[in-house]
>>> print(open('run06.tsv').read())   # TSV, C-alpha atoms
chain	number	residue	atom	x	y	z
A	1	MET	CA	21.55	33.46	-0.79
A	2	THR	CA	19.01	31.21	0.93
A	3	THR	CA	17.45	28.58	-1.32
A	4	SER	CA	13.89	27.62	-0.42
A	5	LEU	CA	11.64	25.00	-2.00
A	6	VAL	CA	7.87	25.22	-1.57
A	7	THR	CA	5.34	22.57	-2.63
A	8	GLY	CA	1.78	23.36	-3.63
A	9	ALA	CA	3.16	26.66	-4.90
A	10	ASN	CA	0.63	27.63	-7.56
A	11	ARG	CA	-2.07	29.09	-5.30
A	12	GLY	CA	-3.14	29.99	-1.79
A	13	ILE	CA	-0.61	29.69	1.01
A	14	GLY	CA	2.02	28.16	-1.27
A	15	LEU	CA	1.81	31.05	-3.73
A	16	GLU	CA	2.07	33.59	-0.91
A	17	LEU	CA	5.03	31.72	0.58
A	18	CYS	CA	6.81	32.02	-2.75
A	19	ARG	CA	5.95	35.72	-2.95
A	20	GLN	CA	7.22	36.57	0.53
A	21	LEU	CA	10.32	34.39	0.31
A	22	ALA	CA	11.26	35.95	-3.03
A	23	ALA	CA	10.62	39.44	-1.63
A	24	ARG	CA	13.13	38.86	1.12
A	25	GLY	CA	15.77	37.73	-1.34
A	26	ASP	CA	15.55	33.94	-1.36
A	27	ARG	CA	16.09	31.82	-4.42
A	28	VAL	CA	12.66	30.19	-4.59
A	29	LEU	CA	11.95	26.81	-6.15
A	30	ALA	CA	8.18	26.58	-6.62
A	31	ALA	CA	7.02	22.97	-6.97
A	32	CYS	CA	3.49	22.25	-8.15
A	33	ARG	CA	1.49	19.92	-10.37
A	34	LYS	CA	0.62	22.79	-12.71
A	35	SER	CA	1.70	26.41	-12.65
A	36	SER	CA	-0.65	29.39	-12.59
A	37	PRO	CA	-0.51	32.89	-14.06
A	38	ALA	CA	-0.07	34.29	-10.55
A	39	LEU	CA	2.92	32.01	-9.92
A	40	ASP	CA	4.47	32.72	-13.31
A	41	ALA	CA	4.22	36.45	-12.56
A	42	LEU	CA	6.48	36.05	-9.52
A	43	GLN	CA	9.44	35.11	-11.72
A	44	VAL	CA	10.58	32.39	-9.34
A	45	GLU	CA	11.88	29.02	-10.55
A	46	VAL	CA	8.77	26.95	-11.25
A	47	LEU	CA	9.07	23.18	-11.03
A	48	ALA	CA	5.85	22.02	-12.67
A	49	GLY	CA	4.68	18.42	-12.95
A	50	VAL	CA	5.49	17.61	-9.32
A	51	ASP	CA	2.78	15.54	-7.64
A	52	VAL	CA	3.74	14.72	-4.04
A	53	ALA	CA	1.48	11.65	-4.22
A	54	ASP	CA	3.45	10.27	-7.17
A	55	GLU	CA	6.79	8.70	-6.35
A	56	ALA	CA	8.13	8.94	-9.91
A	57	SER	CA	7.51	12.69	-10.24
A	58	VAL	CA	9.10	13.40	-6.85
A	59	ALA	CA	12.11	11.27	-7.75
A	60	ALA	CA	12.46	13.07	-11.09
A	61	MET	CA	12.43	16.45	-9.35
A	62	ALA	CA	15.06	15.27	-6.88
A	63	ARG	CA	17.31	14.10	-9.73
A	64	GLY	CA	16.90	17.45	-11.46
A	65	LEU	CA	17.98	19.27	-8.31
A	66	ALA	CA	20.90	16.99	-7.51
A	67	ALA	CA	23.41	19.85	-7.62
A	68	THR	CA	21.26	22.15	-5.45
A	69	GLN	CA	21.68	22.76	-1.74
A	70	LEU	CA	18.40	23.51	0.06
A	71	ASP	CA	18.28	25.72	3.11
A	72	LEU	CA	14.51	25.52	3.59
A	73	LEU	CA	11.98	22.90	2.49
A	74	VAL	CA	8.32	23.82	3.00
A	75	ASN	CA	5.94	20.87	2.66
A	76	ASN	CA	2.80	22.85	1.90
A	77	ALA	CA	0.89	20.81	-0.71
A	78	GLY	CA	-2.37	19.47	0.67
A	79	ILE	CA	-5.95	18.60	-0.20
A	80	TYR	CA	-9.25	18.64	1.66
A	81	GLU	CA	-12.26	16.46	0.88
A	82	HIS	CA	-15.30	16.34	3.15
A	83	THR	CA	-15.78	12.97	4.88
A	84	ALA	CA	-18.45	12.68	7.57
A	85	LEU	CA	-19.79	9.57	9.26
A	86	ASP	CA	-22.81	9.54	6.95
A	87	HIS	CA	-20.57	10.28	3.95
A	88	LEU	CA	-17.61	7.94	4.36
A	89	ASP	CA	-15.90	8.03	0.99
A	90	PHE	CA	-12.88	5.84	1.69
A	91	ALA	CA	-11.30	6.70	-1.65
A	92	ALA	CA	-11.30	10.34	-0.50
A	93	VAL	CA	-9.74	9.31	2.81
A	94	ARG	CA	-6.96	7.48	0.96
A	95	ARG	CA	-6.32	10.42	-1.37
A	96	GLN	CA	-5.91	12.74	1.59
A	97	PHE	CA	-3.48	10.34	3.23
A	98	GLU	CA	-1.41	10.12	0.05
A	99	VAL	CA	-1.09	13.89	-0.33
A	100	ASN	CA	-1.31	15.22	3.23
A	101	ALA	CA	0.53	12.53	5.20
A	102	ILE	CA	2.68	10.43	2.89
A	103	GLY	CA	3.50	13.28	0.51
A	104	PRO	CA	5.62	15.34	2.94
A	105	LEU	CA	7.48	12.24	4.09
A	106	ARG	CA	8.08	11.12	0.50
A	107	LEU	CA	9.34	14.55	-0.50
A	108	THR	CA	11.57	15.09	2.52
A	109	ALA	CA	13.16	11.65	2.09
A	110	ALA	CA	13.76	12.25	-1.62
A	111	LEU	CA	15.36	15.65	-1.02
A	112	LEU	CA	17.35	14.66	2.05
A	113	PRO	CA	20.66	14.55	0.10
A	114	LEU	CA	20.12	18.25	-0.72
A	115	LEU	CA	19.71	19.31	2.91
A	116	HIS	CA	22.64	20.26	5.13
A	117	ASP	CA	23.25	20.98	8.77
A	118	ARG	CA	21.34	24.18	9.56
A	119	SER	CA	18.70	23.39	6.91
A	120	LYS	CA	15.09	23.65	8.05
A	121	VAL	CA	12.02	21.61	7.14
A	122	ALA	CA	8.52	23.03	7.63
A	123	ILE	CA	5.36	20.94	7.45
A	124	ILE	CA	2.16	22.94	6.93
A	125	THR	CA	-0.41	20.91	8.82
A	126	SER	CA	-3.67	21.86	10.57
A	127	ARG	CA	-4.91	21.99	14.13
A	128	MET	CA	-7.64	19.69	12.78
A	129	GLY	CA	-4.94	17.04	13.11
A	130	SER	CA	-4.85	17.64	16.85
A	131	ILE	CA	-6.56	14.81	18.73
A	132	GLY	CA	-6.69	16.83	21.95
A	133	ASP	CA	-8.27	19.82	20.17
A	134	ASN	CA	-11.00	17.88	18.33
A	135	GLY	CA	-14.21	19.31	19.69
A	136	SER	CA	-16.49	18.81	16.70
A	137	GLY	CA	-15.69	15.41	15.14
A	138	SER	CA	-16.28	14.54	11.47
A	139	GLU	CA	-13.83	15.28	8.61
A	140	TYR	CA	-12.27	11.85	9.00
A	141	GLY	CA	-9.91	11.89	6.04
A	142	TYR	CA	-8.55	15.36	6.68
A	143	ARG	CA	-8.21	14.99	10.44
A	144	MET	CA	-6.61	11.54	10.21
A	145	SER	CA	-4.16	12.57	7.47
A	146	LYS	CA	-3.09	15.68	9.37
A	147	ALA	CA	-2.66	13.73	12.62
A	148	ALA	CA	-0.51	11.29	10.66
A	149	VAL	CA	1.69	14.02	9.18
A	150	ASN	CA	2.11	15.49	12.67
A	151	ALA	CA	3.44	12.10	13.79
A	152	ALA	CA	5.72	11.97	10.75
A	153	GLY	CA	6.98	15.46	11.53
A	154	MET	CA	7.92	14.48	15.06
A	155	SER	CA	9.77	11.38	13.84
A	156	LEU	CA	11.58	13.49	11.23
A	157	ALA	CA	12.59	15.93	13.96
A	158	ARG	CA	14.09	13.08	15.97
A	159	ASP	CA	15.80	11.43	12.99
A	160	LEU	CA	17.17	14.64	11.46
A	161	ARG	CA	18.45	16.22	14.66
A	162	PRO	CA	21.84	14.40	14.46
A	163	ARG	CA	22.27	15.86	10.96
A	164	GLY	CA	21.65	19.39	12.26
A	165	ILE	CA	18.29	19.72	10.47
A	166	ALA	CA	15.36	21.22	12.38
A	167	VAL	CA	11.67	20.53	11.72
A	168	ALA	CA	8.65	22.76	12.38
A	169	ILE	CA	5.05	21.51	12.32
A	170	ILE	CA	2.89	24.56	11.64
A	171	HIS	CA	-0.85	25.26	11.64
A	172	PRO	CA	-1.34	28.22	9.29
A	173	GLY	CA	-4.58	29.42	10.87
A	174	MET	CA	-7.98	29.54	9.21
A	175	VAL	CA	-7.02	31.14	5.91
A	176	ASP	CA	-9.12	32.69	3.15
A	177	THR	CA	-8.09	30.42	0.26
A	178	ASP	CA	-9.87	28.06	-2.13
A	179	MET	CA	-9.30	25.27	0.39
A	180	GLY	CA	-9.89	27.38	3.48
A	181	SER	CA	-12.65	29.72	4.60
A	182	PRO	CA	-13.75	33.18	3.39
A	183	ARG	CA	-14.01	34.07	7.10
A	184	GLY	CA	-10.32	33.37	7.55
A	185	ILE	CA	-7.25	35.57	7.67
A	186	SER	CA	-5.46	36.58	4.48
A	187	PRO	CA	-2.75	34.35	3.01
A	188	ALA	CA	-0.33	37.24	3.55
A	189	GLU	CA	-1.01	37.32	7.30
A	190	SER	CA	-0.78	33.55	7.57
A	191	VAL	CA	2.52	33.40	5.72
A	192	ARG	CA	4.04	36.16	7.82
A	193	GLY	CA	3.29	33.95	10.80
A	194	ILE	CA	4.61	30.81	9.13
A	195	LEU	CA	7.89	32.52	8.30
A	196	ALA	CA	8.16	33.90	11.82
A	197	ARG	CA	7.91	30.35	13.16
A	198	VAL	CA	10.49	29.13	10.62
A	199	ASP	CA	12.88	31.96	11.45
A	200	ALA	CA	12.61	31.19	15.17
A	201	LEU	CA	13.17	27.46	14.63
A	202	THR	CA	16.25	25.93	16.25
A	203	LEU	CA	17.39	22.37	16.84
A	204	GLU	CA	16.35	22.76	20.47
A	205	ARG	CA	12.80	23.60	19.38
A	206	SER	CA	12.65	21.05	16.57
A	207	GLY	CA	9.46	18.96	16.49
A	208	GLY	CA	7.19	21.66	17.91
A	209	PHE	CA	3.58	22.02	16.73
A	210	TRP	CA	2.79	25.74	16.51
A	211	HIS	CA	0.00	28.07	15.49
A	212	ALA	CA	1.57	30.27	12.83
A	213	THR	CA	0.14	33.65	13.73
A	214	THR	CA	0.06	33.42	17.54
A	215	GLY	CA	3.08	31.21	18.18
A	216	GLU	CA	0.90	29.11	20.49
A	217	VAL	CA	2.08	25.53	21.07
A	218	LEU	CA	-0.83	23.33	20.01
A	219	PRO	CA	-1.90	20.08	21.71
A	220	TRP	CA	-1.28	16.78	20.00
>>> encode(input="run06.tsv", output="structure tokens")
Amino acid sequence: MTTSLVTGANRGIGLELCRQLAARGDRVLAACRKSSPALDALQVEVLAGVDVADEASVAAMARGLAATQLDLLVNNAGIYEHTALDHLDFAAVRRQFEVNAIGPLRLTAALLPLLHDRSKVAIITSRMGSIGDNGSGSEYGYRMSKAAVNAAGMSLARDLRPRGIAVAIIHPGMVDTDMGSPRGISPAESVRGILARVDALTLERSGGFWHATTGEVLPW
């Protein structure tokens, strides 16, 4: 049985990831700061109290899973706070860096002893982290934090390749969630695309930056 761990699992894309992974037979470890009725209803293994911006809580989770072997780690937890040039809230910028950029690196490093050759790591990022694709500006904290996690994902791909661990950097699309847009696609459609990219991931393709639903390679 495949064992998959998903962060930010209590709602939105994370919740749907848990639902679809469980439906295909995975053992699902659902990490989140606080569970939700929707997550509890899935009857997956909920790991509550996990804040990817807090080193102690990540370390405690890693200790609790010390006997577990992970086949898939999905770094999904993220936050968005509006930061425009005329609204530069630097505390908001820092919070987004802690969760969106440092969080996936912190979590992957802490859980590295649980990964094995043929394990896969997915980082749910955004094309808003693409410098080449930035046609509208603004959103400094979110764009900068996602660009940073893209860079971290590429370094992880390079560093983990000798261990046989592949890394995918995935834009989920514009998704109709609390953090996304009501004009977006459904979480179910987004997650089907995310899992298609994960399933197609190989060591040879490790470090790619893909659009989940189209498979398009996105510019850095």
>>> atom_distance(input="run06.tsv", atom1="atom CA of Gly141 of chain A", atom2="atom CA of Ala38 of chain A")
29.6 Å
>>> atom_distance(input="run06.tsv", atom1="atom CA of Ala148 of chain A", atom2="atom CA of Asp117 of chain A")
25.7 Å
>>> closest_residue(input="run06.tsv", among="A:Ala84, A:Ala66, A:Leu47, A:Ile123", to="Lys146 of chain A", atoms="all atoms listed in the file")
A:Ile123
>>> residues_around(input="run06.tsv", residues="segment 48-64 of chain A", least_positions_apart="4", cutoff="12 Å", atoms="only C-alpha atoms", output="PyMOL selection string")
chain A and resi 5-10+29-36+39-40+44+68-70+75-79+94-115
>>> closest_residue(input="run06.tsv", among="A:Val175, A:Leu72, A:Ala67, A:Val28", to="Ser126 of chain A", atoms="all atoms listed in the file")
A:Val175
>>> axis_aligned_box(input="run06.tsv", around="segment 48-53 of chain A", padding_each_side="6 Å", output="AutoDock Vina command-line options")
--center_x 3.7 --center_y 16.8 --center_z -8.5 --size_x 16.4 --size_y 22.4 --size_z 20.9
>>> closest_residue(input="run06.tsv", among="A:Thr177, A:Gly215, A:Gly207, A:Val191", to="Ser155 of chain A", atoms="only C-alpha atoms")
A:Gly207
>>> closest_residue(input="run06.tsv", among="A:Arg161, A:Arg11, A:Arg19, A:Arg197", to="Pro37 of chain A", atoms="only C-alpha atoms")
A:Arg11
>>> atom_distance(input="run06.tsv", atom1="atom CA of Gly14 of chain A", atom2="atom CA of Ile124 of chain A")
9.7 Å
>>> residues_around(input="run06.tsv", residues="Pro162 of chain A", least_positions_apart="5", cutoff="12 Å", atoms="all atoms listed in the file", output="ChimeraX atom specification")
/A:116-118,156-157,203-204,206
>>> closest_residue(input="run06.tsv", among="A:Val149, A:Leu65, A:Leu201, A:Met144", to="Glu45 of chain A", atoms="only C-alpha atoms")
A:Leu65
>>> decode(input="run06.tsv", residues="segment 39-93 of chain A", atoms="C-alpha atoms", output="CSV table (one decimal), in the first residue's frame")
chain,number,residue,atom,x,y,z
A,39,LEU,CA,-11.5,15.9,6.8
A,40,ASP,CA,-12.7,13.9,9.8
A,41,ALA,CA,-15.4,12.4,7.5
A,42,LEU,CA,-12.8,10.9,5.2
A,43,GLN,CA,-11.6,8.5,7.9
A,44,VAL,CA,-7.9,9.1,7.0
A,45,GLU,CA,-5.2,9.4,9.6
A,46,VAL,CA,-5.4,13.1,10.8
A,47,LEU,CA,-2.2,14.6,12.2
A,48,ALA,CA,-3.5,17.8,13.8
A,49,GLY,CA,-1.4,20.5,15.4
A,50,VAL,CA,1.1,20.6,12.6
A,51,ASP,CA,2.2,24.1,11.6
A,52,VAL,CA,4.7,24.1,8.8
A,53,ALA,CA,6.0,27.5,10.0
A,54,ASP,CA,6.8,26.1,13.4
A,55,GLU,CA,9.9,24.0,13.7
A,56,ALA,CA,8.9,22.3,17.0
A,57,SER,CA,5.5,21.0,15.7
A,58,VAL,CA,7.2,19.7,12.5
A,59,ALA,CA,9.9,18.0,14.5
A,60,ALA,CA,7.2,16.4,16.8
A,61,MET,CA,5.3,15.0,13.8
A,62,ALA,CA,8.5,13.6,12.4
A,63,ARG,CA,9.3,11.9,15.7
A,64,GLY,CA,5.8,10.4,15.8
A,65,LEU,CA,6.2,9.0,12.3
A,66,ALA,CA,9.7,7.6,12.8
A,67,ALA,CA,8.6,4.0,12.0
A,68,THR,CA,6.7,5.1,8.9
A,69,GLN,CA,8.0,4.8,5.3
A,70,LEU,CA,6.6,7.6,3.0
A,71,ASP,CA,6.1,7.0,-0.7
A,72,LEU,CA,4.6,10.4,-1.4
A,73,LEU,CA,5.0,13.7,0.4
A,74,VAL,CA,2.8,16.5,-0.8
A,75,ASN,CA,3.8,20.0,0.4
A,76,ASN,CA,0.4,21.7,-0.1
A,77,ALA,CA,0.0,24.0,3.0
A,78,GLY,CA,0.1,27.7,1.9
A,79,ILE,CA,-1.3,31.1,2.7
A,80,TYR,CA,-2.1,34.2,0.6
A,81,GLU,CA,-2.2,37.8,1.9
A,82,HIS,CA,-2.6,40.7,-0.4
A,83,THR,CA,0.5,42.9,-0.6
A,84,ALA,CA,0.6,45.7,-3.2
A,85,LEU,CA,3.1,48.6,-3.6
A,86,ASP,CA,0.7,50.9,-1.8
A,87,HIS,CA,0.0,48.3,0.8
A,88,LEU,CA,3.3,46.9,1.7
A,89,ASP,CA,2.7,45.0,4.9
A,90,PHE,CA,6.1,43.4,5.5
A,91,ALA,CA,4.8,41.3,8.3
A,92,ALA,CA,2.5,39.7,5.8
A,93,VAL,CA,5.4,39.2,3.4
